[in-house]
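**Student:** I am attaching a structure below and will ask some questions about it afterwards.
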Amino acid sequence: MKLFVSVFFLLFCSSSFANGCYSKSDVGLLKSVFSSNNKDGLIALASDGIKKDMINDEVFKNKNSTLKNLSEITFAWGAKRNDGSATHLSSKFPSGKTCVWRVTFTLPKNIREQCDDDGAYGYFISFIKIGNSLKLNDFTSLYDVMDDGSLACSSANAVMMK
């Protein structure tokens, strides 16, 4: 009986570990959405509330804007703090049996810092994994758009517009 309980516990823990945790192939799939500038694919991954934000975002709907330069990726794992942030963040996928539960894509930090002293500029697009599904769960746009549709920050304009 103890053996049965032990085996059941191990199977349950290993399946719950994999449920909601990113694999490197999941991250590769998300990277391909950005590198191929697949805006429709990105919208397909979003929840209904987020889709509305994306479709109405001036920069996102601009035909000249690209996603491929949102190349800085941050991985989140560990316990969630009270504010929902992770106890561990890194630009490298962790090794071992660490459960990465959020992946965020942004402009590279050196570009963000040229546009904002704190580096809070551009898109911050975050994904979570629910079961086996990848879901875009946060789409934050912090761009200043000029009347002609270009971006106010010339550094960001150079990397985001064709």
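We label chains A, B, ... in the order they appear in the structure tokens, count residues from 1 in each chain, and number ligands from 1 in the order shown.
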Using only C-alpha atoms, find each residue of segment 49-140 of chain A with at least one atom at most 7 Å away from an atom of segment 148-156 of chain A; report its shortest atom-to-atom pair and that distance in Å (one decimal), sort the rows by chain and rising residue number, and return the result as JSON lines.

**Tutor:**
```
{"residue": "A:Ile111", "atom": "CA", "partner": "A:Ser155", "partner_atom": "CA", "distance": 6.2}
{"residue": "A:Gln114", "atom": "CA", "partner": "A:Ser155", "partner_atom": "CA", "distance": 6.7}
{"residue": "A:Cys115", "atom": "CA", "partner": "A:Cys153", "partner_atom": "CA", "distance": 5.6}
```

**Student:** Go through segment 86-139 of chain A and collect every residue that DSSP, computed from the backbone, puts in strand (DSSP E or B); the answer should be as a list of chain:residue names.

**Tutor:**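 Of segment 86-139 of chain A, only A:Ala86, A:Thr87, A:His88, A:Leu89, A:Ser90, A:Val100, A:Trp101, A:Arg102, A:Val103, A:Thr104, A:Phe105, A:Thr106, A:Gly122, A:Tyr123, A:Phe124, A:Ile125, A:Ser126, A:Phe127, A:Ile128, A:Lys129, A:Ile130, A:Ser133, A:Leu134, A:Lys135, A:Leu136, A:Asn137, A:Asp138, A:Phe139 fall in strand (DSSP E or B).
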
**Student:** So which one's closest to Gly122 of chain A, A:Leu107, A:Leu45, A:Cys99, A:Ala158? Using only C-alpha atoms, please.

**Tutor:**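 Looking only at the distances to Gly122 of chain A, the closest residue turns out to be A:Leu107.
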
**Student:** Go through A:Asp40, A:Asp83, A:Glu72, A:Asp26 and flag the residue nearest Phe105 of chain A, using only C-alpha atoms for the distances.

**Tutor:** A:Glu72

**Student:** Report the residues of chain A whose backbone DSSP state falls under alpha helix (DSSP H), written as an MDAnalysis selection string.

**Tutor:** chainID A and resid 2:18 24:35 39:45 48:56 58:61 109:115 154:160

**Student:** Just give me the gap between atom CA of Ser32 of chain A and atom CA of Lys80 of chain A in Å, one decimal is fine.

**Tutor:**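 We find that atom CA of Ser32 of chain A and atom CA of Lys80 of chain A lie 27.7 Å from each other.
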
**Student:** Using Å and a single decimal, report how far atom CA of Asn69 of chain A sits from atom CA of Ile130 of chain A.

**Tutor:** 26.2 Å

**Student:** Under the rule that only C-alpha atoms are counted, which of A:Gly28, A:Phe139, A:Ser47, A:Lys63 is the nearest residue to Met161 of chain A?

**Tutor:**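 Residue with the minimum atom-to-atom distance to Met161 of chain A: A:Lys63.
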
**Student:** What's the 10 Å shell around Asp118 of chain A, counting only C-alpha atoms, without same-chain residues fewer than 5 positions away, as a ChimeraX atom specification?

**Tutor:** /A:109,112-113

**Student:** With only C-alpha atoms as the basis for distance, which of A:Asn56, A:Ser95, A:Ser35, A:Ser90 is at the shortest distance from Ser71 of chain A?

**Tutor:**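 For Ser71 of chain A, the nearest of the candidates is A:Ser35.
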
**Student:** Can you list, as a PyMOL selection string, every protein, DNA or RNA residue that comes within 9 Å of Lys135 of chain A when you count only C-alpha atoms, leaving out same-chain residues fewer than 6 positions away?

**Tutor:** chain A and resi 44-47+126-129

**Student:** Which is closest to Met146 of chain A among A:Ile73, A:Leu30, A:Cys21, A:Val59, if we use only C-alpha atoms?

**Tutor:**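 Going through A:Ile73, A:Leu30, A:Cys21, A:Val59 one by one, the smallest distance to Met146 of chain A is for A:Val59.
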
**Student:** Quote the spacing between atom CA of Asn82 of chain A and atom CA of Thr106 of chain A in Å to one decimal place.

**Tutor:**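 Separation between atom CA of Asn82 of chain A and atom CA of Thr106 of chain A: 23.5 Å.
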
**Student:** Near Leu89 of chain A, within 8 Å and counting only C-alpha atoms, which residues show up once chain neighbours fewer than 2 positions away are dropped, as a PyMOL selection string?

**Tutor:** chain A and resi 74-77+86-87+91
